[in-house]
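Visitor: Pasting start-v6.tsv here (TSV, C-alpha atoms):
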chain	number	residue	atom	x	y	z
A	1	MET	CA	9.27	17.26	7.73
A	2	PRO	CA	8.63	18.96	4.38
A	3	LEU	CA	10.96	18.03	1.56
A	4	ILE	CA	12.75	20.92	-0.13
A	5	ASN	CA	14.08	21.27	-3.65
A	6	LEU	CA	11.68	18.63	-4.91
A	7	PRO	CA	10.94	18.72	-8.64
A	8	GLU	CA	7.62	20.31	-9.50
A	9	PHE	CA	6.17	16.98	-10.70
A	10	ALA	CA	6.54	15.36	-7.22
A	11	ALA	CA	2.85	15.81	-6.38
A	12	GLU	CA	1.87	14.21	-9.67
A	13	LEU	CA	4.19	11.31	-8.93
A	14	LEU	CA	2.68	10.77	-5.47
A	15	ALA	CA	-0.82	10.85	-6.98
A	16	GLU	CA	0.27	8.08	-9.37
A	17	PHE	CA	1.44	5.98	-6.40
A	18	THR	CA	-1.89	6.50	-4.63
A	19	ALA	CA	-3.81	5.50	-7.76
A	20	ARG	CA	-1.82	2.26	-7.77
A	21	LYS	CA	-2.79	1.53	-4.15
A	22	ALA	CA	0.75	1.87	-2.84
A	23	GLU	CA	0.98	3.11	0.75
A	24	ARG	CA	3.55	5.86	1.14
A	25	ILE	CA	6.01	5.38	3.99
A	26	ASP	CA	9.24	7.05	5.10
A	27	THR	CA	12.34	5.56	6.66
A	28	PRO	CA	15.11	7.17	8.75
A	29	VAL	CA	17.95	8.87	6.91
A	30	ILE	CA	20.45	7.29	9.32
A	31	GLN	CA	20.47	3.53	8.75
A	32	PRO	CA	22.36	0.57	10.21
A	33	ALA	CA	25.22	-0.03	7.79
A	34	GLU	CA	25.45	-3.82	8.17
A	35	PRO	CA	22.60	-4.80	5.80
A	36	PHE	CA	24.02	-2.64	3.01
A	37	LEU	CA	27.57	-3.94	3.57
A	38	ASP	CA	26.45	-7.58	3.73
A	39	ILE	CA	23.70	-7.73	1.13
A	40	ALA	CA	23.67	-4.82	-1.31
A	41	GLY	CA	26.90	-5.61	-3.15
A	42	GLU	CA	30.33	-4.20	-3.84
A	43	ASP	CA	29.15	-1.43	-6.20
A	44	LEU	CA	26.98	0.18	-3.51
A	45	ARG	CA	29.41	-0.57	-0.65
A	46	ARG	CA	32.07	1.56	-2.35
A	47	ARG	CA	29.76	4.55	-2.55
A	48	ILE	CA	27.92	4.80	0.76
A	49	PHE	CA	28.66	7.45	3.40
A	50	MET	CA	29.60	5.79	6.69
A	51	THR	CA	29.48	7.03	10.29
A	52	GLU	CA	29.31	5.55	13.80
A	53	SER	CA	27.03	5.72	16.81
A	54	GLU	CA	28.27	6.63	20.30
A	55	THR	CA	28.61	2.92	21.02
A	56	GLY	CA	30.69	2.28	17.89
A	57	ALA	CA	27.92	0.71	15.83
A	58	SER	CA	28.38	1.21	12.08
A	59	LEU	CA	25.80	3.52	10.54
A	60	CYS	CA	25.36	5.09	7.13
A	61	LEU	CA	23.32	7.72	5.35
A	62	ARG	CA	20.44	6.02	3.53
A	63	PRO	CA	21.94	4.99	0.14
A	64	GLU	CA	18.72	3.49	-1.27
A	65	PHE	CA	15.21	2.62	-0.13
A	66	THR	CA	14.64	-1.08	-0.79
A	67	ILE	CA	16.49	-2.41	2.26
A	68	PRO	CA	15.03	0.21	4.66
A	69	VAL	CA	11.49	-0.41	3.37
A	70	CYS	CA	11.93	-4.17	3.85
A	71	LEU	CA	13.33	-3.66	7.36
A	72	ARG	CA	10.38	-1.42	8.19
A	73	HIS	CA	7.96	-4.06	6.91
A	74	ILE	CA	9.58	-6.75	9.10
A	75	GLU	CA	9.68	-4.52	12.20
A	76	THR	CA	5.99	-3.57	11.94
A	77	ALA	CA	4.95	-7.21	11.38
A	78	THR	CA	2.65	-6.07	8.59
A	79	GLY	CA	0.94	-8.83	6.62
A	80	THR	CA	1.32	-9.39	2.90
A	81	PRO	CA	0.67	-8.76	0.11
A	82	LYS	CA	1.61	-5.14	0.64
A	83	ARG	CA	2.57	-2.31	-1.70
A	84	TYR	CA	4.75	0.48	-0.35
A	85	ALA	CA	5.64	3.75	-2.05
A	86	TYR	CA	8.42	6.14	-1.05
A	87	LEU	CA	9.84	9.50	-2.04
A	88	GLY	CA	12.86	10.93	-0.32
A	89	GLU	CA	16.55	11.70	-0.36
A	90	VAL	CA	19.28	9.12	-0.76
A	91	PHE	CA	22.99	9.67	-0.27
A	92	ARG	CA	25.71	7.94	-2.23
A	93	GLN	CA	28.63	8.83	-4.43
A	94	ARG	CA	27.66	8.95	-8.08
A	95	ARG	CA	29.80	9.04	-11.18
A	96	ASP	CA	27.50	11.72	-12.59
A	97	GLY	CA	25.31	14.13	-10.66
A	98	ALA	CA	25.01	15.14	-7.02
A	99	ASN	CA	25.73	12.75	-4.16
A	100	GLU	CA	22.48	13.75	-2.44
A	101	PHE	CA	19.41	13.28	-4.60
A	102	TYR	CA	15.77	12.23	-4.60
A	103	GLN	CA	14.46	8.78	-5.41
A	104	ALA	CA	10.90	7.49	-5.48
A	105	GLY	CA	9.46	4.09	-6.16
A	106	ILE	CA	7.27	1.16	-5.25
A	107	GLU	CA	8.14	-2.07	-3.41
A	108	ASP	CA	5.63	-4.88	-3.98
A	109	LEU	CA	5.93	-7.46	-1.18
A	110	GLY	CA	4.26	-10.83	-0.83
A	111	ASP	CA	2.38	-11.27	-4.11
A	112	ILE	CA	2.67	-14.98	-4.94
A	113	ASN	CA	1.64	-14.35	-8.57
A	114	ILE	CA	5.24	-13.83	-9.66
A	115	PRO	CA	4.64	-13.19	-13.40
A	116	GLY	CA	1.77	-10.82	-12.62
A	117	ALA	CA	3.77	-8.86	-10.04
A	118	ASP	CA	6.75	-8.59	-12.41
A	119	ALA	CA	4.50	-7.32	-15.18
A	120	ARG	CA	2.87	-4.83	-12.81
A	121	ALA	CA	6.29	-3.44	-11.77
A	122	ILE	CA	7.34	-2.87	-15.39
A	123	GLY	CA	3.87	-1.57	-16.30
A	124	ASP	CA	3.82	0.87	-13.38
A	125	ALA	CA	7.35	2.14	-14.05
A	126	THR	CA	6.71	2.73	-17.74
A	127	GLY	CA	3.15	3.96	-17.21
A	128	ILE	CA	4.19	6.61	-14.69
A	129	LEU	CA	7.11	7.74	-16.84
A	130	ALA	CA	4.80	8.04	-19.84
A	131	ARG	CA	2.61	10.40	-17.79
A	132	LEU	CA	5.60	12.46	-16.65
A	133	LEU	CA	7.21	12.55	-20.11
A	134	PRO	CA	4.31	12.78	-22.57
A	135	GLY	CA	5.24	12.20	-26.18
A	136	ARG	CA	8.61	10.62	-25.36
A	137	ARG	CA	9.20	7.04	-26.47
A	138	LEU	CA	10.58	4.85	-23.71
A	139	SER	CA	13.06	2.00	-24.04
A	140	VAL	CA	13.17	-0.88	-21.53
A	141	THR	CA	16.09	-3.30	-21.17
A	142	LEU	CA	15.17	-6.49	-19.37
A	143	GLY	CA	17.40	-9.23	-17.99
A	144	ASP	CA	16.81	-12.33	-15.89
A	145	GLN	CA	19.35	-13.56	-13.34
A	146	ALA	CA	17.40	-16.80	-12.84
A	147	VAL	CA	17.86	-17.73	-16.51
A	148	PHE	CA	21.60	-17.06	-16.27
A	149	GLU	CA	21.79	-19.20	-13.11
A	150	ALA	CA	19.96	-22.03	-14.91
A	151	VAL	CA	22.46	-21.91	-17.79
A	152	VAL	CA	25.46	-21.96	-15.44
A	153	GLN	CA	24.00	-24.83	-13.40
A	154	ALA	CA	23.14	-26.84	-16.53
A	155	LEU	CA	26.80	-26.66	-17.60
A	156	GLY	CA	27.73	-28.67	-14.51
A	157	LEU	CA	30.43	-26.36	-13.16
A	158	PRO	CA	31.59	-26.80	-9.53
A	159	LEU	CA	29.36	-24.98	-7.06
A	160	GLY	CA	32.11	-22.47	-6.22
A	161	TRP	CA	32.43	-21.42	-9.86
A	162	GLN	CA	28.64	-21.20	-10.19
A	163	LYS	CA	28.55	-18.82	-7.21
A	164	ARG	CA	31.37	-16.69	-8.64
A	165	LEU	CA	29.75	-16.36	-12.05
A	166	ILE	CA	26.29	-15.64	-10.64
A	167	HIS	CA	27.75	-13.05	-8.28
A	168	ALA	CA	29.33	-11.29	-11.29
A	169	PHE	CA	26.12	-11.28	-13.35
A	170	GLY	CA	25.54	-7.86	-14.86
A	171	ASN	CA	29.19	-6.81	-14.60
A	172	MET	CA	30.60	-7.84	-17.97
A	173	THR	CA	34.17	-6.81	-17.11
A	174	GLN	CA	34.20	-9.05	-14.05
A	175	LEU	CA	32.34	-11.84	-15.84
A	176	GLU	CA	34.80	-11.84	-18.75
A	177	ALA	CA	37.73	-11.98	-16.31
A	178	LEU	CA	36.19	-14.99	-14.57
A	179	LEU	CA	35.55	-16.75	-17.87
A	180	ALA	CA	39.16	-16.11	-18.90
A	181	GLY	CA	40.25	-17.71	-15.63
A	182	LEU	CA	38.04	-20.72	-16.36
A	183	VAL	CA	39.49	-21.18	-19.84
A	184	SER	CA	43.10	-20.76	-18.66
A	185	PRO	CA	43.23	-21.68	-14.95
A	186	GLN	CA	45.90	-20.14	-12.74
A	187	PHE	CA	47.00	-22.85	-10.37
A	188	VAL	CA	47.39	-22.00	-6.69
A	189	THR	CA	51.01	-21.58	-5.64
A	190	GLY	CA	52.70	-20.80	-2.35
A	191	LEU	CA	50.62	-23.17	-0.21
A	192	ASP	CA	52.33	-24.54	2.89
A	193	ASP	CA	53.50	-28.08	2.11
A	194	ASP	CA	51.63	-29.60	5.06
A	195	ILE	CA	48.41	-27.81	4.07
A	196	ALA	CA	48.76	-28.87	0.45
A	197	ARG	CA	49.31	-32.48	1.54
A	198	LEU	CA	46.27	-32.48	3.85
A	199	ILE	CA	44.04	-30.93	1.18
A	200	ALA	CA	45.22	-33.51	-1.37
A	201	ALA	CA	44.51	-36.30	1.12
A	202	GLY	CA	40.99	-34.99	1.77
A	203	ASP	CA	41.61	-35.13	5.54
A	204	GLU	CA	39.49	-32.19	6.70
A	205	PRO	CA	39.76	-32.83	10.51
A	206	ALA	CA	43.56	-32.95	10.28
A	207	LEU	CA	43.59	-29.83	8.07
A	208	VAL	CA	41.41	-27.93	10.56
A	209	ALA	CA	43.60	-29.03	13.46
A	210	HIS	CA	46.76	-27.93	11.61
A	211	ILE	CA	45.29	-24.49	10.80
A	212	GLU	CA	44.10	-24.05	14.39
A	213	HIS	CA	47.57	-24.92	15.70
A	214	GLU	CA	49.21	-22.42	13.32
A	215	MET	CA	46.73	-19.69	14.29
A	216	GLN	CA	47.44	-20.21	17.98
A	217	ALA	CA	51.18	-20.30	17.41
A	218	THR	CA	51.12	-16.98	15.56
A	219	GLY	CA	48.53	-15.31	17.80
A	220	TYR	CA	46.28	-14.78	14.79
A	221	SER	CA	43.36	-16.69	16.32
A	222	THR	CA	42.52	-13.91	18.77
A	223	ASN	CA	41.58	-11.56	15.94
A	224	ALA	CA	40.46	-14.04	13.30
A	225	SER	CA	37.30	-13.20	11.41
A	226	ARG	CA	37.01	-16.83	10.22
A	227	SER	CA	37.21	-20.08	12.13
A	228	PRO	CA	39.80	-22.77	11.27
A	229	LEU	CA	37.01	-24.83	9.69
A	230	GLU	CA	35.95	-21.90	7.47
A	231	ILE	CA	39.56	-21.26	6.45
A	232	ALA	CA	40.08	-24.95	5.65
A	233	ARG	CA	37.00	-25.10	3.45
A	234	ARG	CA	37.90	-21.88	1.65
A	235	LEU	CA	41.38	-23.24	0.91
A	236	LYS	CA	39.88	-26.48	-0.44
A	237	GLU	CA	37.43	-24.55	-2.59
A	238	LYS	CA	40.18	-22.25	-3.89
A	239	LEU	CA	42.25	-25.26	-4.91
A	240	ILE	CA	39.30	-26.95	-6.63
A	241	LEU	CA	38.43	-23.74	-8.47
A	242	SER	CA	42.01	-23.26	-9.62
A	243	GLU	CA	42.05	-26.77	-11.10
A	244	THR	CA	38.73	-26.41	-12.97
A	245	ARG	CA	38.93	-25.76	-16.68
A	246	LEU	CA	35.94	-24.87	-18.83
A	247	ASP	CA	36.12	-26.82	-22.06
A	248	ASP	CA	35.85	-24.95	-25.34
A	249	ALA	CA	32.32	-26.19	-26.09
A	250	ALA	CA	30.95	-25.01	-22.73
A	251	PHE	CA	32.79	-21.69	-23.07
A	252	HIS	CA	31.19	-21.07	-26.46
A	253	VAL	CA	27.77	-21.95	-25.01
A	254	LEU	CA	28.21	-19.28	-22.32
A	255	GLU	CA	29.49	-16.78	-24.89
A	256	GLU	CA	26.51	-17.45	-27.14
A	257	PHE	CA	24.07	-17.05	-24.26
A	258	LEU	CA	25.60	-13.77	-23.10
A	259	SER	CA	25.44	-12.40	-26.66
A	260	LEU	CA	21.66	-12.83	-26.88
A	261	HIS	CA	19.98	-9.43	-27.36
A	262	VAL	CA	16.54	-9.52	-28.97
A	263	PRO	CA	13.16	-7.78	-28.79
A	264	LEU	CA	11.22	-9.26	-25.89
A	265	VAL	CA	8.54	-10.60	-28.23
A	266	ASN	CA	11.21	-12.85	-29.76
A	267	ALA	CA	13.02	-13.72	-26.54
A	268	SER	CA	11.12	-16.87	-25.55
A	269	ALA	CA	11.78	-18.45	-28.95
A	270	ALA	CA	15.42	-17.32	-28.88
A	271	LEU	CA	16.00	-18.85	-25.44
A	272	ALA	CA	14.25	-22.10	-26.37
A	273	GLY	CA	16.33	-22.33	-29.56
A	274	PHE	CA	19.54	-21.65	-27.66
A	275	ALA	CA	18.75	-24.29	-25.02
A	276	ASP	CA	17.86	-26.91	-27.64
A	277	ALA	CA	21.01	-26.26	-29.69
A	278	ALA	CA	23.20	-26.42	-26.56
A	279	GLY	CA	21.44	-29.45	-25.14
A	280	LEU	CA	20.59	-27.61	-21.90
A	281	LYS	CA	17.46	-27.98	-19.80
A	282	LEU	CA	16.52	-24.60	-18.35
A	283	GLY	CA	13.33	-25.90	-16.73
A	284	ASN	CA	11.46	-23.58	-14.39
A	285	ALA	CA	13.58	-20.54	-15.23
A	286	LEU	CA	12.41	-20.63	-18.85
A	287	SER	CA	8.80	-21.31	-17.82
A	288	ARG	CA	8.83	-18.32	-15.48
A	289	PHE	CA	10.36	-16.16	-18.20
A	290	ASN	CA	7.62	-17.16	-20.65
A	291	GLY	CA	4.97	-16.56	-17.99
A	292	ARG	CA	6.26	-13.03	-17.44
A	293	VAL	CA	6.13	-12.22	-21.17
A	294	ALA	CA	2.52	-13.46	-21.28
A	295	ALA	CA	1.63	-11.44	-18.17
A	296	LEU	CA	3.13	-8.28	-19.70
A	297	ALA	CA	1.01	-8.76	-22.82
A	298	ASP	CA	-2.10	-9.40	-20.70
A	299	ALA	CA	-1.41	-6.24	-18.69
A	300	GLY	CA	-1.38	-4.17	-21.87
A	301	VAL	CA	2.30	-3.19	-21.66
A	302	ASP	CA	3.70	-2.07	-25.00
A	303	LEU	CA	6.08	-4.95	-25.75
A	304	SER	CA	7.58	-3.13	-28.72
A	305	CYS	CA	9.64	-0.93	-26.38
A	306	LEU	CA	11.06	-3.89	-24.41
A	307	ASP	CA	14.33	-5.66	-25.26
A	308	TYR	CA	15.78	-8.75	-23.61
A	309	ARG	CA	19.55	-8.80	-23.11
A	310	ALA	CA	20.87	-12.02	-21.59
A	311	ALA	CA	23.96	-10.35	-20.06
A	312	PHE	CA	22.02	-7.48	-18.50
A	313	GLY	CA	22.00	-7.17	-14.73
A	314	ARG	CA	21.94	-4.44	-12.12
A	315	PRO	CA	24.72	-3.73	-9.59
A	316	LEU	CA	22.89	-4.89	-6.45
A	317	ASP	CA	23.53	-8.37	-5.11
A	318	TYR	CA	20.04	-8.99	-3.76
A	319	TYR	CA	18.33	-9.43	-7.14
A	320	THR	CA	17.16	-12.99	-7.87
A	321	GLY	CA	15.24	-12.93	-11.17
A	322	LEU	CA	13.84	-10.11	-13.28
A	323	VAL	CA	15.96	-6.97	-13.61
A	324	PHE	CA	15.10	-3.96	-15.79
A	325	GLU	CA	15.97	-0.37	-16.56
A	326	VAL	CA	14.03	2.32	-18.41
A	327	THR	CA	15.47	5.12	-20.54
A	328	VAL	CA	14.11	7.57	-23.07
A	329	GLU	CA	14.83	6.23	-26.54
A	330	GLY	CA	18.11	7.68	-27.78
A	331	SER	CA	19.39	8.53	-24.28
A	332	SER	CA	21.62	6.49	-21.96
A	333	ALA	CA	20.35	8.12	-18.75
A	334	VAL	CA	18.54	5.50	-16.63
A	335	LEU	CA	15.27	7.01	-15.38
A	336	ALA	CA	13.92	3.94	-13.59
A	337	GLY	CA	15.32	0.59	-12.58
A	338	GLY	CA	14.24	-2.39	-10.56
A	339	GLY	CA	13.84	-6.11	-10.29
A	340	ARG	CA	12.89	-9.10	-8.19
A	341	PHE	CA	14.48	-9.77	-4.78
A	342	ASP	CA	12.80	-12.87	-3.36
A	343	LYS	CA	15.55	-13.72	-0.83
A	344	LEU	CA	16.11	-10.26	0.62
A	345	LEU	CA	13.48	-10.23	3.37
A	346	THR	CA	14.66	-13.60	4.68
A	347	PHE	CA	18.24	-12.30	4.78
A	348	LEU	CA	16.99	-9.29	6.75
A	349	GLY	CA	15.26	-11.45	9.36
A	350	ALA	CA	11.78	-12.29	8.08
A	351	THR	CA	10.64	-15.68	9.40
A	352	ASP	CA	8.76	-16.54	6.21
A	353	ARG	CA	9.92	-16.33	2.61
A	354	ILE	CA	8.33	-13.25	1.05
A	355	PRO	CA	8.45	-12.82	-2.74
A	356	ALA	CA	9.20	-9.23	-3.69
A	357	VAL	CA	9.69	-6.97	-6.68
A	358	GLY	CA	10.10	-3.22	-7.01
A	359	PHE	CA	11.53	-0.25	-8.86
A	360	SER	CA	12.97	3.23	-8.29
A	361	PHE	CA	12.86	6.52	-10.19
A	362	TRP	CA	15.78	8.96	-10.38
A	363	LEU	CA	13.92	12.26	-10.06
A	364	ASP	CA	16.79	14.54	-11.11
A	365	ARG	CA	17.22	12.63	-14.37
A	366	ILE	CA	13.48	12.73	-15.06
A	367	GLU	CA	13.52	16.49	-14.44
A	368	THR	CA	16.38	16.88	-16.92
A	369	GLU	CA	14.37	15.00	-19.56
A	370	ARG	CA	11.29	17.13	-18.90
A	371	VAL	CA	13.30	20.31	-19.35
A	372	ALA	CA	14.82	18.98	-22.58
A	373	ALA	CA	11.43	18.00	-24.03
Can the structure from this file be put into structure tokens for me?
Guide:
Amino acid sequence: MPLINLPEFAAELLAEFTARKAERIDTPVIQPAEPFLDIAGEDLRRRIFMTESETGASLCLRPEFTIPVCLRHIETATGTPKRYAYLGEVFRQRRDGANEFYQAGIEDLGDINIPGADARAIGDATGILARLLPGRRLSVTLGDQAVFEAVVQALGLPLGWQKRLIHAFGNMTQLEALLAGLVSPQFVTGLDDDIARLIAAGDEPALVAHIEHEMQATGYSTNASRSPLEIARRLKEKLILSETRLDDAAFHVLEEFLSLHVPLVNASAALAGFADAAGLKLGNALSRFNGRVAALADAGVDLSCLDYRAAFGRPLDYYTGLVFEVTVEGSSAVLAGGGRFDKLLTFLGATDRIPAVGFSFWLDRIETERVAA
């Protein structure tokens, strides 16, 4: 079906994808909603357009392409490595602009050369934009969720707090609220005395039995979305989290890390200096970061337009490492964004772990920049 209202540079964009050996595919506009609700994250969940099938299955209008492309790859049992390109409409509520708009991009699946694939994604995104916006200087902000995870783990926080902080990565408002809760814990109140006693005693079987009895007595068990065992473990975790306090030294380490914002050419030294001063071992995360910087230089990407910001993330929960966004220098409009999502295909049902990285273009924003040039 021909696409209407496409910007005039669409053909040029598709030619760029072909030149980069990315196979163009399409995916249905109507998608199963579950993967987006379970995996994509709260920011996208709030903005998708939901509907239902005749049988009551939850469906949605396609809010982005990464999950549908990955599902298509799994369904067709296509081998890797594989590069897919797409161009089509997506539907989601936006703070600025229309709720129905065009996106295009590349998903790079199965390349085990992680630094090289990361560099290629950034190089392709910036290279294509440079062709579409000749004479405009681009600005790239780069973050790395894996480095943040390594810092949080090295601080020795309970696993539940690590998960909370990592989940909030990229959302500074949420992250600051969590850190405030770590510095000044709010103790859990209102627990049933029997439950509090069983949690304190560490008697999980008795706690589960008590919760199950209460659920049956109240009739709640017939509609429960969680089992008594899940509820018991969540209560235990909540209590542990409420009693955890981040000491001042560790808090200042996290604050210092999140304040790092340097040109990418200086980032490796800045991270190494930070880790040494804080006495943290960042291990493989720092090695992979350094490998990516070297791969970008080897690929001929202009490093002078790349900045590293330690607190930078993107509002999709499936990212696992590199994240980046591209703007025109002096503008806040994001023209391209992407990152690495190594766990996504496994979550969606792939039997083997498939490393993956990709990026998307916002065509309406690119068109606005071309008109303004």
Visitor: Could you list, with a cut-off of 12 Å and counting all atoms listed in the file, the residues of range 298-330 of chain A near range 49-66 of chain A, each shown with its nearest atom pair and the distance in Å rounded to one decimal, rows sorted by chain and ascending number, as JSON lines?
Guide:
{"residue": "A:Leu316", "atom": "CA", "partner": "A:Glu64", "partner_atom": "CA", "distance": 10.7}
{"residue": "A:Tyr318", "atom": "CA", "partner": "A:Thr66", "partner_atom": "CA", "distance": 10.0}
{"residue": "A:Tyr319", "atom": "CA", "partner": "A:Thr66", "partner_atom": "CA", "distance": 11.1}
Visitor: For range 328-340 of chain A, list every protein, DNA or RNA residue within 8 Å, evaluated using all atoms listed in the file, and leave out those in the same chain fewer than 3 positions away; present the list as a VMD selection string.
Guide: chain A and resid 118 125 136 to 139 319 to 325 355 to 363 365 to 366
Visitor: In terms of the shortest atom-to-atom distance over all atoms listed in the file, which of A:Arg131, A:Lys163, A:Arg46, A:His73 is closest to Ile25 in chain A?
Guide: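 Ranking A:Arg131, A:Lys163, A:Arg46, A:His73 by distance to Ile25 in chain A, first place goes to A:His73.
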Visitor: Excluding same-chain residues fewer than 6 positions from Asp364 in chain A, what lies within 8 Å of it counting all atoms listed in the file, as a PyMOL selection string?
Guide: chain A and resi 7+101-102
Visitor: For a quick check of understanding, using only C-alpha atoms, which of A:Glu212, A:Asp317, A:Asp144, A:Glu369 has the smallest distance to Asp38 in chain A?
Guide: A:Asp317
Visitor: For each of A:Ile354, A:Leu165, A:Ala275, A:Ala249, take the minimum atom-to-atom distance to Asp342 in chain A, counting only C-alpha atoms, then give the residue where this is smallest.
Guide: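 When distances to Asp342 in chain A are compared using only C-alpha atoms, the smallest one comes from A:Ile354.
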Visitor: Using all atoms listed in the file, can you tell me which of A:Thr80, A:Thr126, A:Ser259, A:Thr141 comes closest to Asp111 in chain A?
Guide: A:Thr80
Visitor: For a quick check of understanding, using only C-alpha atoms, which of A:Ile30, A:Ala10, A:Ala277, A:Val293 has the smallest distance to Gly123 in chain A?
Guide: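 Closest to Gly123 in chain A, using only C-alpha atoms: A:Val293.
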Visitor: Looking at A:Leu198, A:Leu264, A:Ser304, A:Leu129, which one is nearest to Phe9 in chain A, with distances taken over all atoms listed in the file?
Guide: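 Of A:Leu198, A:Leu264, A:Ser304, A:Leu129, the one nearest Phe9 in chain A is A:Leu129, counting all atoms listed in the file.
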Visitor: Could you list as a list in words every residue that has an atom within 7 Å of (28.6, 10.8, 1.1), using the file's coordinates and counting only C-alpha atoms?
Guide: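 Here the neighbourhood of the point contains Ile48, Phe49, Phe91, Arg92, Gln93 and Asn99 of chain A.
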Visitor: Just write the chosen residues, C-alpha atoms, as a CSV table (one decimal), keeping the file's coordinate frame.
Guide:
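The result, written out as again-v4.csv:
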chain,number,residue,atom,x,y,z
A,48,ILE,CA,27.9,4.8,0.8
A,49,PHE,CA,28.7,7.4,3.4
A,91,PHE,CA,23.0,9.7,-0.3
A,92,ARG,CA,25.7,7.9,-2.2
A,93,GLN,CA,28.6,8.8,-4.4
A,99,ASN,CA,25.7,12.8,-4.2
Visitor: Just how far from CA of Val301 in chain A is CA of Ala119 in chain A, in Å to one decimal?
Guide: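 So the two atoms, CA of Ala119 in chain A and CA of Val301 in chain A, lie 8.0 Å apart.
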Visitor: Scan for residues within 12 Å of the point (18.2, -8.1, -21.0) in the coordinates of the file, using only C-alpha atoms, and reply as a VMD selection string.
Guide: chain A and resid 139 to 148 169 to 170 257 to 264 267 271 289 306 to 314 321 to 326 339
Visitor: Work out how far CA of Tyr86 in chain A is from CA of Ala104 in chain A, in Å to one decimal.
Guide: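 Pair CA of Ala104 in chain A / CA of Tyr86 in chain A returns 5.3 Å.
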Visitor: Considering all atoms listed in the file, return as a ChimeraX atom specification whatever protein or nucleic-acid residues lie within 7 Å of range 348-350 of chain A, sequence-local ones (same chain, fewer than 4 positions apart) excluded.
Guide: /A:71,74,344
Visitor: Tell me, in Å to one decimal, how far CA of Ala98 in chain A is from CA of Gly41 in chain A.
Guide: 21.2 Å
